[in-house]
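K.L.:
Structure file final_10.txt (compact mmCIF, C-alpha atoms and all ligand atoms) is given on the next line.
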# COMPACT_ATOMS: atom_id res chain seq x y z
CA MET A 1 176.09 108.82 139.25
CA ASN A 2 172.95 109.64 141.25
CA GLU A 3 169.75 108.04 140.01
CA PRO A 4 166.58 110.12 139.93
CA LEU A 5 163.76 109.11 142.30
CA GLN A 6 161.50 106.51 140.74
CA PRO A 7 158.19 108.01 139.60
CA PRO A 8 155.23 106.82 141.66
CA ALA A 9 153.05 103.97 140.37
CA VAL A 10 150.14 106.36 139.86
CA SER A 11 150.00 110.11 139.66
CA GLU A 12 146.46 110.66 140.88
CA PRO A 13 144.77 109.13 143.92
CA ALA A 14 142.52 106.12 143.50
CA GLY A 15 139.16 106.27 145.23
CA ASP A 16 139.01 110.05 145.49
CA PRO A 17 137.43 111.75 142.49
CA ALA A 18 139.50 114.26 140.56
CA PRO A 19 140.08 117.18 142.88
CA PRO A 20 138.61 120.56 142.13
CA VAL A 21 142.04 122.01 142.77
CA ALA A 22 143.33 124.56 140.41
CA ARG A 23 146.18 123.77 138.08
CA SER A 24 146.37 127.53 137.91
CA PRO A 25 149.69 129.24 137.44
CA ARG A 26 148.55 131.57 140.25
CA LEU A 27 149.32 128.83 142.80
CA ASP A 28 152.57 129.70 144.51
CA ILE A 29 154.39 127.01 146.47
CA GLY A 30 156.71 129.65 147.93
CA HIS A 31 159.31 128.20 150.27
CA HIS A 32 156.73 125.65 151.47
CA GLY A 33 156.78 123.34 148.43
CA PHE A 34 159.65 121.09 147.35
CA PRO A 35 159.53 119.35 143.97
CA GLN A 36 160.80 115.79 143.69
CA ASP A 37 163.89 116.81 141.72
CA ALA A 38 165.06 118.96 144.64
CA LEU A 39 166.11 115.72 146.36
CA PRO A 40 169.62 114.33 145.94
CA GLY A 41 170.14 110.98 144.18
CA LEU A 42 168.82 107.82 145.82
CA ASP A 43 172.33 106.73 146.81
CA TYR A 44 172.87 109.94 148.82
CA GLY A 45 171.63 108.43 152.09
CA PRO A 46 169.73 110.10 154.94
CA ILE A 47 169.36 113.87 154.76
CA ASP A 48 169.10 116.33 157.64
CA LEU A 49 165.39 117.09 157.24
CA ARG A 50 165.45 120.30 159.28
CA VAL A 51 168.30 121.79 157.27
CA PHE A 52 167.16 120.49 153.88
CA PHE A 53 163.58 121.76 154.26
CA GLY A 54 164.61 124.96 156.05
CA PHE A 55 162.47 124.45 159.15
CA PRO A 56 162.71 127.17 161.83
CA SER A 57 166.06 127.00 163.58
CA VAL A 58 166.33 126.37 167.32
CA PRO A 59 168.55 128.60 169.48
CA ALA A 60 171.59 126.78 170.90
CA GLY A 61 170.83 124.99 174.16
CA GLU A 62 167.09 124.72 173.49
CA PRO A 63 165.48 121.32 172.84
CA LYS A 64 164.90 120.28 169.23
CA ARG A 65 161.45 120.89 167.79
CA PRO A 66 159.53 117.63 167.18
CA LEU A 67 159.13 116.68 163.53
CA GLU A 68 155.96 114.97 162.25
CA LEU A 69 155.39 113.45 158.83
CA GLU A 70 152.11 113.14 156.98
CA ILE A 71 151.93 110.57 154.18
CA GLY A 72 149.45 111.44 151.43
CA SER A 73 148.51 114.95 152.54
CA GLY A 74 145.96 115.46 149.76
CA LYS A 75 144.83 119.08 149.83
CA GLY A 76 146.69 119.70 153.07
CA THR A 77 143.69 120.18 155.38
CA PHE A 78 145.17 118.24 158.32
CA LEU A 79 148.50 120.07 158.02
CA VAL A 80 146.90 123.51 157.85
CA GLN A 81 144.70 122.81 160.87
CA GLN A 82 147.18 120.96 163.06
CA ALA A 83 150.23 123.15 162.32
CA SER A 84 148.17 126.17 163.37
CA VAL A 85 147.34 124.73 166.80
CA GLN A 86 150.79 123.15 167.28
CA PRO A 87 153.24 125.94 166.31
CA GLY A 88 156.11 124.38 168.28
CA THR A 89 156.15 121.30 166.02
CA ASP A 90 157.37 121.03 162.44
CA PHE A 91 155.33 119.13 159.84
CA LEU A 92 156.47 117.59 156.58
CA GLY A 93 153.68 116.48 154.24
CA ILE A 94 154.42 114.18 151.31
CA GLU A 95 152.03 113.95 148.42
CA TYR A 96 152.61 112.33 145.04
CA ALA A 97 149.70 113.83 143.12
CA GLY A 98 151.16 117.03 141.72
CA ALA A 99 147.94 119.07 141.71
CA PHE A 100 147.27 118.24 145.37
CA TRP A 101 150.89 118.92 146.39
CA ARG A 102 150.88 122.36 144.75
CA HIS A 103 147.49 123.22 146.21
CA ALA A 104 148.55 122.20 149.75
CA ALA A 105 151.85 124.10 149.56
CA ASP A 106 150.05 127.21 148.32
CA ARG A 107 147.54 126.95 151.20
CA CYS A 108 150.33 126.73 153.79
CA ARG A 109 152.13 129.70 152.20
CA ARG A 110 148.96 131.81 152.23
CA ARG A 111 148.40 130.93 155.91
CA GLY A 112 152.00 131.91 156.70
CA LEU A 113 152.61 128.51 158.33
CA ASP A 114 156.38 128.48 158.66
CA ASN A 115 156.32 125.09 160.41
CA VAL A 116 155.01 123.17 157.36
CA ARG A 117 156.72 121.93 154.20
CA LEU A 118 155.26 119.87 151.36
CA LEU A 119 157.30 117.45 149.30
CA HIS A 120 156.16 116.09 145.93
CA ALA A 121 157.32 112.47 146.11
CA ASP A 122 156.39 108.89 146.85
CA ALA A 123 156.49 108.75 150.65
CA THR A 124 157.52 105.10 150.79
CA VAL A 125 160.56 105.79 148.58
CA PHE A 126 161.36 108.93 150.56
CA VAL A 127 161.21 107.30 153.98
CA ARG A 128 163.24 104.28 152.90
CA ASN A 129 166.02 106.31 151.30
CA TYR A 130 166.25 109.70 152.96
CA VAL A 131 164.96 109.57 156.53
CA ALA A 132 167.47 108.97 159.32
CA ASP A 133 166.88 106.52 162.17
CA HIS A 134 164.72 107.81 165.05
CA SER A 135 164.29 111.27 163.50
CA LEU A 136 160.46 111.50 163.56
CA HIS A 137 158.14 112.11 166.48
CA ARG A 138 154.94 111.09 164.72
CA VAL A 139 153.74 109.78 161.36
CA HIS A 140 150.18 110.42 160.10
CA LEU A 141 148.54 108.25 157.45
CA TYR A 142 144.96 109.35 156.89
CA PHE A 143 142.71 107.62 154.39
CA PRO A 144 145.45 106.01 152.31
CA ASP A 145 144.43 104.66 148.92
CA PRO A 146 142.90 101.21 149.64
CA TRP A 147 143.91 99.48 146.40
CA PRO A 148 140.88 97.14 146.73
CA LYS A 149 141.82 94.61 144.02
CA LYS A 150 143.79 91.69 145.38
CA ARG A 151 146.46 91.96 142.71
CA HIS A 152 147.04 95.59 143.80
CA HIS A 153 147.34 94.90 147.53
CA LYS A 154 151.12 95.06 147.27
CA ARG A 155 150.72 98.79 146.51
CA ARG A 156 149.13 99.48 149.89
CA SER A 157 151.40 101.74 151.89
CA PHE A 158 150.44 100.17 155.23
CA GLN A 159 152.18 96.80 155.22
CA GLU A 160 154.69 94.88 157.23
CA GLY A 161 157.85 95.95 155.37
CA PHE A 162 156.93 99.63 155.48
CA LEU A 163 155.91 99.36 159.15
CA ARG A 164 159.43 98.11 159.88
CA GLU A 165 160.80 101.19 158.04
CA LEU A 166 158.50 103.47 160.05
CA HIS A 167 159.69 101.84 163.25
CA ARG A 168 163.28 102.59 162.19
CA VAL A 169 162.58 106.31 161.58
CA LEU A 170 160.36 106.90 164.63
CA GLU A 171 161.92 107.83 167.95
CA ALA A 172 161.26 105.44 170.88
CA GLY A 173 157.69 106.16 171.98
CA GLY A 174 156.99 107.82 168.61
CA GLU A 175 153.57 107.23 167.10
CA LEU A 176 151.97 106.19 163.84
CA HIS A 177 148.40 107.49 163.50
CA VAL A 178 146.22 105.78 160.89
CA ALA A 179 142.61 106.15 159.76
CA THR A 180 140.66 104.58 156.91
CA ASP A 181 137.11 104.32 155.63
CA HIS A 182 137.82 100.95 153.98
CA LEU A 183 136.78 97.95 156.10
CA ASP A 184 138.87 95.40 154.21
CA TYR A 185 141.95 97.64 154.35
CA PHE A 186 141.42 98.14 158.09
CA ALA A 187 141.31 94.36 158.61
CA TRP A 188 144.56 94.14 156.59
CA MET A 189 146.06 96.92 158.77
CA GLU A 190 145.15 95.05 161.94
CA GLU A 191 146.75 91.88 160.62
CA HIS A 192 149.94 93.64 159.50
CA ALA A 193 150.15 95.58 162.79
CA GLN A 194 149.88 92.26 164.61
CA ARG A 195 152.83 90.90 162.61
CA VAL A 196 155.03 93.67 164.03
CA SER A 197 153.60 93.69 167.54
CA ASN A 198 157.14 93.20 168.83
CA LEU A 199 157.94 96.66 167.39
CA PHE A 200 154.74 98.58 168.09
CA GLU A 201 152.14 98.64 170.83
CA ARG A 202 148.63 99.23 169.49
CA ARG A 203 146.55 101.92 171.22
CA ALA A 204 143.16 103.51 170.71
CA PHE A 205 143.02 106.49 168.38
CA VAL A 206 142.46 109.88 169.98
CA PRO A 207 141.45 112.73 167.63
CA PRO A 208 144.08 115.46 167.29
CA PRO A 209 143.29 118.84 168.89
CA SER A 210 142.52 120.34 165.49
CA ALA A 211 139.69 117.87 164.74
CA GLY A 212 136.20 119.35 164.75
CA GLU A 213 133.25 118.22 166.83
CA GLY A 214 132.51 114.53 166.12
CA GLU A 215 135.44 114.20 163.72
CA LEU A 216 138.18 111.59 163.77
CA VAL A 217 140.82 113.84 162.19
CA GLY A 218 138.93 116.33 160.04
CA THR A 219 140.74 115.76 156.74
CA ASN A 220 139.19 116.75 153.46
CA PHE A 221 138.47 113.11 152.59
CA GLU A 222 136.79 112.46 155.95
CA ARG A 223 134.54 115.52 155.65
CA LYS A 224 133.56 114.64 152.11
CA TYR A 225 132.55 111.05 152.91
CA ARG A 226 131.19 111.57 156.44
CA VAL A 227 128.07 113.12 154.92
CA GLU A 228 127.51 109.81 153.06
CA GLY A 229 127.49 108.02 156.40
CA ARG A 230 130.71 106.09 155.85
CA ILE A 231 132.21 104.29 158.82
CA PHE A 232 135.75 105.20 159.77
CA ASN A 233 138.28 103.13 161.69
CA ALA A 234 141.57 104.26 163.18
CA MET A 235 144.43 103.15 165.40
CA VAL A 236 147.68 104.36 166.88
CA LEU A 237 150.87 102.28 166.89
CA VAL A 238 153.47 103.34 169.44
CA ALA A 239 157.10 102.44 168.71
CA ARG A 240 158.61 100.25 171.42
C1 LIG B 301 142.37 109.14 149.55
S1 LIG B 301 143.50 110.44 149.51
C2 LIG B 301 143.45 111.10 151.18
C3 LIG B 301 144.09 112.46 151.27
C4 LIG B 301 144.12 113.08 152.68
N1 LIG B 301 144.92 112.29 153.58
C5 LIG B 301 142.72 113.22 153.24
O1 LIG B 301 142.37 112.46 154.16
O2 LIG B 301 142.00 114.10 152.75
C6 LIG B 301 145.07 109.59 149.54
C7 LIG B 301 146.20 110.53 149.17
O3 LIG B 301 147.45 109.88 149.37
C8 LIG B 301 148.31 110.17 148.27
N2 LIG B 301 149.27 109.08 148.25
C9 LIG B 301 148.99 107.75 148.16
N3 LIG B 301 150.12 107.02 148.26
C10 LIG B 301 151.13 107.91 148.41
C11 LIG B 301 152.52 107.77 148.54
N4 LIG B 301 153.11 106.56 148.54
N5 LIG B 301 153.27 108.88 148.69
C12 LIG B 301 152.68 110.10 148.69
N6 LIG B 301 151.36 110.29 148.56
C13 LIG B 301 150.59 109.22 148.41
C14 LIG B 301 147.37 110.25 147.09
O4 LIG B 301 147.91 110.97 146.01
C15 LIG B 301 146.17 110.96 147.72
O5 LIG B 301 146.29 112.36 147.67
Give the structure from this file in structure tokens form.

P.N.:
Amino acid sequence: MNEPLQPPAVSEPAGDPAPPVARSPRLDIGHHGFPQDALPGLDYGPIDLRVFFGFPSVPAGEPKRPLELEIGSGKGTFLVQQASVQPGTDFLGIEYAGAFWRHAADRCRRRGLDNVRLLHADATVFVRNYVADHSLHRVHLYFPDPWPKKRHHKRRSFQEGFLRELHRVLEAGGELHVATDHLDYFAWMEEHAQRVSNLFERRAFVPPPSAGEGELVGTNFERKYRVEGRIFNAMVLVAR
């Protein structure tokens, strides 16, 4: 019998104060939002992401549309901005805080962004169990929860084991884009990236076209803490 997906370790983000997002019944996830229980059991194996999430179909003979994944989409600001300037690419955002997930899906529906879908799930569980080898063009991980206490470091999403999983699901030359405001977490990221340097080449981070003037990415978290003068660090890992 299929097992349900394991619930995430926490249901609200650490480090980011409770969001002023509505838990209002007026939010409508439309065909943009997918609840966790829409997924098949964990033993199902890789799913065809384009079919499952109903991304725009490609006429026969035309090249496949690239698929990008964002882990921890928060309120969906990056997805809304980037999917608008990159209409030929499909974006799947995964967010495990229910209020954020609903808010982001509703935003994408209101903007009529047919190239974005939002899944309510733990991204590490999702990638490990449901994503096929070499099926992603890019993965975005912006301002992941830093889990500052040493005994919680194992909960950090950026770590060697998960980097190996991301290498498996990225196409050759595919990219992982990462940014953080947490100096200790960035040092950890550098060390863990170094451990898998046979799998990834590290490159300098270049802001996406949707970033505003002087921004690294222009996510909600970045805008909120930039005004406090926080320092941000970022890198790109390219799959060998
Ligand atoms: C600090 S917030 C940053 C949100 C957004 N990326 C931004 O920059 O505004 C981190 C987000 O990642 C989500 N998150 C953390 N770990 C996750 C996981 N394993 N799967 C899905 N979402 C996760 C949290 O719920 C939270 O919304």

K.L.:
Residues of chain A that approach ligand LIG 301 (chain B) to 7 Å or less, counting all atoms listed in the file: could you list each one with the shortest pair of atoms and its distance in Å to one decimal, rows by chain and increasing residue number, as a tab-separated table?

P.N.:
residue	atom	partner	partner_atom	distance
A:Ser11	CA	B:LIG301	O4	6.7
A:Glu12	CA	B:LIG301	O4	5.3
A:Pro13	CA	B:LIG301	O4	4.2
A:Ala14	CA	B:LIG301	C1	6.8
A:Gly15	CA	B:LIG301	C1	6.1
A:Asp16	CA	B:LIG301	C1	5.3
A:Ile71	CA	B:LIG301	C12	5.6
A:Gly72	CA	B:LIG301	O3	3.3
A:Ser73	CA	B:LIG301	N1	4.6
A:Gly74	CA	B:LIG301	O5	3.8
A:Lys75	CA	B:LIG301	O2	6.4
A:Thr77	CA	B:LIG301	O2	6.8
A:Ile94	CA	B:LIG301	C12	5.2
A:Glu95	CA	B:LIG301	N6	3.7
A:Tyr96	CA	B:LIG301	N6	4.3
A:Ala97	CA	B:LIG301	O4	4.4
A:Phe100	CA	B:LIG301	O5	6.4
A:Ala121	CA	B:LIG301	C12	5.8
A:Asp122	CA	B:LIG301	N5	3.6
A:Ala123	CA	B:LIG301	N5	3.8
A:Thr124	CA	B:LIG301	N4	5.2
A:Leu141	CA	B:LIG301	N1	6.7
A:Tyr142	CA	B:LIG301	N1	4.4
A:Phe143	CA	B:LIG301	C2	4.8
A:Pro144	CA	B:LIG301	C6	4.5
A:Asp145	CA	B:LIG301	C1	5.0
A:Ser157	CA	B:LIG301	N4	6.1
A:Thr219	CA	B:LIG301	O1	4.5
A:Asn220	CA	B:LIG301	O2	3.9
A:Phe221	CA	B:LIG301	O2	3.7
A:Glu222	CA	B:LIG301	O1	5.9

K.L.:
In Å, rounded to a single decimal, give me how far atom CA of Glu68 of chain A is from atom CA of Arg138 of chain A.

P.N.:
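Atom-to-atom, atom CA of Arg138 of chain A to atom CA of Glu68 of chain A, that is 4.7 Å.
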
K.L.:
What are the closest atom pairs, with distances in Å to one decimal, for each residue of segment 88-190 of chain A lying within 8 Å of segment 37-55 of chain A, using all atoms listed in the file, rows by chain and rising residue number, as a Markdown table?

P.N.:
| residue | atom | partner | partner_atom | distance |
| --- | --- | --- | --- | --- |
| A:Asp90 | CA | A:Phe55 | CA | 7.0 |
| A:Asp114 | CA | A:Phe55 | CA | 7.3 |
| A:Asn115 | CA | A:Phe55 | CA | 6.3 |
| A:Val116 | CA | A:Phe55 | CA | 7.8 |
| A:Arg117 | CA | A:Phe53 | CA | 6.9 |
| A:Asn129 | CA | A:Gly45 | CA | 6.0 |
| A:Tyr130 | CA | A:Pro46 | CA | 4.0 |
| A:Val131 | CA | A:Pro46 | CA | 5.1 |
| A:Ala132 | CA | A:Pro46 | CA | 5.1 |

K.L.:
Can you write just those residues out, C-alpha atoms, as a PDB file, in the coordinates of the input?

P.N.:
ATOM      1  CA  ASP A  90     157.370 121.030 162.440  1.00  0.00           C
ATOM      2  CA  ASP A 114     156.380 128.480 158.660  1.00  0.00           C
ATOM      3  CA  ASN A 115     156.320 125.090 160.410  1.00  0.00           C
ATOM      4  CA  VAL A 116     155.010 123.170 157.360  1.00  0.00           C
ATOM      5  CA  ARG A 117     156.720 121.930 154.200  1.00  0.00           C
ATOM      6  CA  ASN A 129     166.020 106.310 151.300  1.00  0.00           C
ATOM      7  CA  TYR A 130     166.250 109.700 152.960  1.00  0.00           C
ATOM      8  CA  VAL A 131     164.960 109.570 156.530  1.00  0.00           C
ATOM      9  CA  ALA A 132     167.470 108.970 159.320  1.00  0.00           C
TER      10      ALA A 132
END

K.L.:
Counting all atoms listed in the file, which residue out of A:Pro146, A:Gly30, A:Pro35, A:Gly98 sits closest to Asp181 of chain A?

P.N.:
A:Pro146

K.L.:
How many Å lie between atom CA of Phe186 of chain A and atom CA of Gln86 of chain A, rounded to one decimal?

P.N.:
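We find that atom CA of Phe186 of chain A and atom CA of Gln86 of chain A lie 28.2 Å from each other.
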
K.L.:
So, with only C-alpha atoms as the atoms that count, which of A:Ala179, A:Cys108, A:Leu67, A:Ile29 lies closest to Val80 of chain A?

P.N.:
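Smallest separation from Val80 of chain A among the options: A:Cys108.
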
K.L.:
Check the smallest atom-to-atom distance from each of A:Ala193, A:Leu113, A:Ala211, A:Val125 to Pro87 of chain A using all atoms listed in the file, then report the winner.

P.N.:
A:Leu113

K.L.:
What is the atom CA of Glu175 of chain A-atom CA of Glu215 of chain A distance in Å, reported with one decimal?

P.N.:
19.7 Å

K.L.:
Rank A:Phe158, A:Gly218, A:Glu201, A:His167 by their smallest atom-to-atom distance to Gly76 of chain A, using all atoms listed in the file, and report the top residue only.

P.N.:
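Of the candidates, the smallest distance to Gly76 of chain A is held by A:Gly218.
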
K.L.:
Could you check which of A:His182, A:His153, A:Leu69, A:Thr89 is closest to Val127 of chain A, using all atoms listed in the file?

P.N.:
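Nearest to Val127 of chain A: A:Leu69.
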
K.L.:
Go through A:Arg26, A:Arg223, A:His137, A:Arg240 one by one, measure the shortest atom-to-atom distance of each to Arg102 of chain A using only C-alpha atoms, and give the residue with the smallest value.

P.N.:
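Residue with the minimum atom-to-atom distance to Arg102 of chain A: A:Arg26.
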
K.L.:
Quick one: residues within 8 Å of Gln82 of chain A, all atoms listed in the file counted, chain neighbours fewer than 4 positions away excluded, as number ranges by chain?

P.N.:
A: 78, 86, 208-210

K.L.:
Emit the selected residues as a compact mmCIF listing (two decimals), in the coordinates of the input, including C-alpha atoms.

P.N.:
# COMPACT_ATOMS: atom_id res chain seq x y z
CA PHE A 78 145.17 118.24 158.32
CA GLN A 86 150.79 123.15 167.28
CA PRO A 208 144.08 115.46 167.29
CA PRO A 209 143.29 118.84 168.89
CA SER A 210 142.52 120.34 165.49
